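See structure below.
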Number of protein chains: 4
Amino acid sequence: MWKESDNKLKATFKFEDFTQAFSFMTEVAFKAEKLQHHPDWHNVYNTVDFALSTHDAGDVVTDKDRELAHEIDKIFKRYE
Amino acid sequence: MWKESDNKLKATFKFEDFTQAFSFMTEVAFKAEKLQHHPDWHNVYNTVDFALSTHDAGDVVTDKDRELAHEIDKIFKRYE
Amino acid sequence: MWKESDNKLKATFKFEDFTQAFSFMTEVAFKAEKLQHHPDWHNVYNTVDFALSTHDAGDVVTDKDRELAHEIDKIFKRYE
Amino acid sequence: MWKESDNKLKATFKFEDFTQAFSFMTEVAFKAEKLQHHPDWHNVYNTVDFALSTHDAGDVVTDKDRELAHEIDKIFKRYE
């Protein structure tokens, strides 16, 4: 589901409605804060897009992004 | 899972950890706000307790509580 | 703070850190759900961008967007 | 605002409505997770009650509770 392009790790997730999308975002927010690695993300209604990269490494994709992507996938599993 | 006692509809839900419990609470909060019927709820770490009743009906259990309980169950299903 | 361009009502808000930004987003999410008018929004760390327009009106700015913008401003006041 | 009784640090906070109360709770949740010290808390509509104690210390009030209480006060300041 994740694709690397423009030095970013990108994916799009779809939900039933806005409140499911935002509840998913809440759990991702906790995980991001725990990892101290925060996403570049975008939401419109039931859709959440991510474009992950590591600022401190010069805005390229690092293992920190892959770890966050993996955690996001685990959270998303509950909404599928 | 829900039991009626003391004119309240009660249930307890367990999660893996605090952040899962709070993400569940976030989705319940949206649903409660939508129904304009808010829970009496209590959280410690991975546990969330509810004691639902309808204030406007004299603090007894009404269909509004049963509807909210049903919605809570649907949200919880994703965390089981 | 809001500017209209490309048929969107746009603004950017800055916070102390990610958790303040996300708490602000949570309250905006409740308001958006109540108005049944959801933002196109984007977050990176302590920054939240909005680009509001009304899909049902052909993706132009309507009073629904101005109302949501006004509510977002009221919520933001607490974080200034 | 905080009072110690029954080996717990207790306080009650009032908000304009449920969504303000829950947005406050969201920010407290992030802080609690960061401190890895989670509250015993209870919400009904616009009211949030806390009863803080430290489980690992035998359910008495410790500096961890005083630190969390201090952080809760800082978050609440924005809602007064």
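Labels used: A, B, ... for chains in the order of the structure tokens, numbers from 1 for residues in each chain, and numbers from 1 for ligands as shown.
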Notebook entry, point to check: Near chain D, which residues of chain C fall within 12 Å when you count only C-alpha atoms, and what do they look like as a PyMOL selection string?
Noted result: chain C and resi 17-34+74-80
Output the selection as a PDB file, in the first residue's frame - N, CA and C atoms for each residue.
ATOM      1  N   ASP C  17       3.442  22.760  19.836  1.00  0.00           N
ATOM      2  CA  ASP C  17       3.972  21.434  19.498  1.00  0.00           C
ATOM      3  C   ASP C  17       2.875  20.582  18.868  1.00  0.00           C
ATOM      4  N   PHE C  18       3.198  19.336  18.581  1.00  0.00           N
ATOM      5  CA  PHE C  18       2.254  18.446  17.907  1.00  0.00           C
ATOM      6  C   PHE C  18       1.005  18.173  18.741  1.00  0.00           C
ATOM      7  N   THR C  19       1.170  17.970  20.046  1.00  0.00           N
ATOM      8  CA  THR C  19      -0.010  17.588  20.835  1.00  0.00           C
ATOM      9  C   THR C  19      -0.998  18.754  20.952  1.00  0.00           C
ATOM     10  N   GLN C  20      -0.490  19.981  20.984  1.00  0.00           N
ATOM     11  CA  GLN C  20      -1.418  21.121  20.982  1.00  0.00           C
ATOM     12  C   GLN C  20      -2.126  21.218  19.625  1.00  0.00           C
ATOM     13  N   ALA C  21      -1.362  21.027  18.561  1.00  0.00           N
ATOM     14  CA  ALA C  21      -1.976  21.060  17.226  1.00  0.00           C
ATOM     15  C   ALA C  21      -3.064  19.993  17.120  1.00  0.00           C
ATOM     16  N   PHE C  22      -2.782  18.797  17.629  1.00  0.00           N
ATOM     17  CA  PHE C  22      -3.767  17.723  17.467  1.00  0.00           C
ATOM     18  C   PHE C  22      -4.978  17.913  18.393  1.00  0.00           C
ATOM     19  N   SER C  23      -4.773  18.510  19.556  1.00  0.00           N
ATOM     20  CA  SER C  23      -5.916  18.792  20.432  1.00  0.00           C
ATOM     21  C   SER C  23      -6.827  19.838  19.784  1.00  0.00           C
ATOM     22  N   PHE C  24      -6.233  20.851  19.186  1.00  0.00           N
ATOM     23  CA  PHE C  24      -6.994  21.834  18.400  1.00  0.00           C
ATOM     24  C   PHE C  24      -7.771  21.108  17.291  1.00  0.00           C
ATOM     25  N   MET C  25      -7.106  20.213  16.577  1.00  0.00           N
ATOM     26  CA  MET C  25      -7.764  19.471  15.487  1.00  0.00           C
ATOM     27  C   MET C  25      -8.957  18.670  16.012  1.00  0.00           C
ATOM     28  N   THR C  26      -8.814  18.117  17.213  1.00  0.00           N
ATOM     29  CA  THR C  26      -9.913  17.328  17.784  1.00  0.00           C
ATOM     30  C   THR C  26     -11.152  18.193  17.974  1.00  0.00           C
ATOM     31  N   GLU C  27     -10.943  19.386  18.502  1.00  0.00           N
ATOM     32  CA  GLU C  27     -12.114  20.235  18.714  1.00  0.00           C
ATOM     33  C   GLU C  27     -12.692  20.709  17.372  1.00  0.00           C
ATOM     34  N   VAL C  28     -11.835  20.985  16.409  1.00  0.00           N
ATOM     35  CA  VAL C  28     -12.320  21.349  15.065  1.00  0.00           C
ATOM     36  C   VAL C  28     -13.108  20.176  14.461  1.00  0.00           C
ATOM     37  N   ALA C  29     -12.621  18.965  14.683  1.00  0.00           N
ATOM     38  CA  ALA C  29     -13.295  17.774  14.146  1.00  0.00           C
ATOM     39  C   ALA C  29     -14.722  17.658  14.689  1.00  0.00           C
ATOM     40  N   PHE C  30     -14.887  17.909  15.985  1.00  0.00           N
ATOM     41  CA  PHE C  30     -16.240  17.876  16.563  1.00  0.00           C
ATOM     42  C   PHE C  30     -17.134  18.941  15.936  1.00  0.00           C
ATOM     43  N   LYS C  31     -16.582  20.129  15.768  1.00  0.00           N
ATOM     44  CA  LYS C  31     -17.376  21.225  15.207  1.00  0.00           C
ATOM     45  C   LYS C  31     -17.749  20.908  13.752  1.00  0.00           C
ATOM     46  N   ALA C  32     -16.793  20.399  12.995  1.00  0.00           N
ATOM     47  CA  ALA C  32     -17.038  20.062  11.589  1.00  0.00           C
ATOM     48  C   ALA C  32     -18.133  18.992  11.471  1.00  0.00           C
ATOM     49  N   GLU C  33     -18.058  18.012  12.355  1.00  0.00           N
ATOM     50  CA  GLU C  33     -19.056  16.941  12.333  1.00  0.00           C
ATOM     51  C   GLU C  33     -20.431  17.500  12.686  1.00  0.00           C
ATOM     52  N   LYS C  34     -20.458  18.425  13.633  1.00  0.00           N
ATOM     53  CA  LYS C  34     -21.734  19.041  14.034  1.00  0.00           C
ATOM     54  C   LYS C  34     -22.334  19.839  12.870  1.00  0.00           C
ATOM     55  N   LYS C  74     -12.503  30.724  16.496  1.00  0.00           N
ATOM     56  CA  LYS C  74     -12.894  30.754  17.910  1.00  0.00           C
ATOM     57  C   LYS C  74     -12.142  29.692  18.713  1.00  0.00           C
ATOM     58  N   ILE C  75     -11.976  28.527  18.119  1.00  0.00           N
ATOM     59  CA  ILE C  75     -11.246  27.458  18.803  1.00  0.00           C
ATOM     60  C   ILE C  75      -9.769  27.842  18.939  1.00  0.00           C
ATOM     61  N   PHE C  76      -9.229  28.415  17.872  1.00  0.00           N
ATOM     62  CA  PHE C  76      -7.790  28.767  17.880  1.00  0.00           C
ATOM     63  C   PHE C  76      -7.463  29.816  18.940  1.00  0.00           C
ATOM     64  N   LYS C  77      -8.414  30.684  19.229  1.00  0.00           N
ATOM     65  CA  LYS C  77      -8.163  31.767  20.204  1.00  0.00           C
ATOM     66  C   LYS C  77      -7.585  31.239  21.515  1.00  0.00           C
ATOM     67  N   ARG C  78      -8.033  30.057  21.892  1.00  0.00           N
ATOM     68  CA  ARG C  78      -7.549  29.499  23.165  1.00  0.00           C
ATOM     69  C   ARG C  78      -6.087  29.083  23.114  1.00  0.00           C
ATOM     70  N   TYR C  79      -5.557  28.928  21.904  1.00  0.00           N
ATOM     71  CA  TYR C  79      -4.180  28.427  21.779  1.00  0.00           C
ATOM     72  C   TYR C  79      -3.179  29.544  21.513  1.00  0.00           C
ATOM     73  N   GLU C  80      -3.678  30.744  21.298  1.00  0.00           N
ATOM     74  CA  GLU C  80      -2.761  31.860  20.965  1.00  0.00           C
ATOM     75  C   GLU C  80      -1.932  32.271  22.180  1.00  0.00           C
TER      76      GLU C  80
END
Among chain C, which residues does DSSP mark as alpha helix (DSSP H) when it is run on the backbone? Keep the chain and numbering as in the structure and answer as a tab-separated table (two decimals) with C-alpha atoms, in the first residue's frame.
chain	number	residue	atom	x	y	z
C	18	PHE	CA	2.25	18.45	17.91
C	19	THR	CA	-0.01	17.59	20.84
C	20	GLN	CA	-1.42	21.12	20.98
C	21	ALA	CA	-1.98	21.06	17.23
C	22	PHE	CA	-3.77	17.72	17.47
C	23	SER	CA	-5.92	18.79	20.43
C	24	PHE	CA	-6.99	21.83	18.40
C	25	MET	CA	-7.76	19.47	15.49
C	26	THR	CA	-9.91	17.33	17.78
C	27	GLU	CA	-12.11	20.24	18.71
C	28	VAL	CA	-12.32	21.35	15.06
C	29	ALA	CA	-13.30	17.77	14.15
C	30	PHE	CA	-16.24	17.88	16.56
C	31	LYS	CA	-17.38	21.22	15.21
C	32	ALA	CA	-17.04	20.06	11.59
C	33	GLU	CA	-19.06	16.94	12.33
C	34	LYS	CA	-21.73	19.04	14.03
C	35	LEU	CA	-21.95	21.39	11.04
C	63	ASP	CA	-21.22	30.58	3.60
C	64	LYS	CA	-20.73	27.07	5.01
C	65	ASP	CA	-16.98	27.55	4.62
C	66	ARG	CA	-17.13	31.01	6.17
C	67	GLU	CA	-19.07	29.59	9.12
C	68	LEU	CA	-16.56	26.78	9.63
C	69	ALA	CA	-13.66	29.26	9.33
C	70	HIS	CA	-15.29	31.44	11.98
C	71	GLU	CA	-15.66	28.47	14.33
C	72	ILE	CA	-12.04	27.44	13.71
C	73	ASP	CA	-10.93	30.96	14.67
C	74	LYS	CA	-12.89	30.75	17.91
C	75	ILE	CA	-11.25	27.46	18.80
C	76	PHE	CA	-7.79	28.77	17.88
C	77	LYS	CA	-8.16	31.77	20.20
Note to self: I need the strand (DSSP E or B) residues of chain B per DSSP on the backbone, written as a list in words.
What the structure shows: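 Answer for chain B restricted to strand (DSSP E or B) is Lys3, Glu4, Ser5, Lys8, Leu9, Lys10, Ala11, Thr12, Phe13, Lys14, Asp40, Trp41, His42, Asn43, Val44, Thr47, Val48, Asp49, Phe50, Ala51, Leu52, Thr54 and Val60 of chain B.
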Notebook entry, point to check: What does the distance between atom CA of C:Thr12 and atom CA of A:Met1 come to in Å, to one decimal place?
Noted result: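 Here the two named atoms are 29.6 Å from each other.
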Notebook entry, point to check: Neighbours of stretch 44-49 of chain D within 7 Å (only C-alpha atoms; same-chain residues fewer than 3 positions away dropped), as a PyMOL selection string?
Noted result: (chain B and resi 38-41) or (chain D and resi 11-18+21+41)
Write a file of the just-selected residues containing C-alpha atoms, as an mmCIF file, in the first residue's frame.
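Result file is result37.cif:
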data_model
loop_
_atom_site.group_PDB
_atom_site.id
_atom_site.type_symbol
_atom_site.label_atom_id
_atom_site.label_comp_id
_atom_site.auth_asym_id
_atom_site.auth_seq_id
_atom_site.Cartn_x
_atom_site.Cartn_y
_atom_site.Cartn_z
ATOM 1 C CA HIS B 38 -23.540 11.756 26.537
ATOM 2 C CA PRO B 39 -22.218 8.941 28.707
ATOM 3 C CA ASP B 40 -21.260 8.852 32.350
ATOM 4 C CA TRP B 41 -17.917 7.140 31.834
ATOM 5 C CA ALA D 11 -10.035 17.831 41.359
ATOM 6 C CA THR D 12 -13.071 18.639 39.226
ATOM 7 C CA PHE D 13 -13.039 20.763 36.081
ATOM 8 C CA LYS D 14 -16.027 22.328 34.313
ATOM 9 C CA PHE D 15 -16.298 23.276 30.641
ATOM 10 C CA GLU D 16 -18.774 25.013 28.361
ATOM 11 C CA ASP D 17 -19.938 21.779 26.816
ATOM 12 C CA PHE D 18 -19.031 18.174 26.061
ATOM 13 C CA ALA D 21 -14.408 18.793 27.897
ATOM 14 C CA TRP D 41 -10.794 10.083 35.513
#
Next item on the list: Find the residue from B:Phe50, B:Val61, B:His42, B:His55 that sits nearest to B:Asp6; use only C-alpha atoms when measuring.
Entry: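 Residue with the minimum atom-to-atom distance to B:Asp6: B:Val61.
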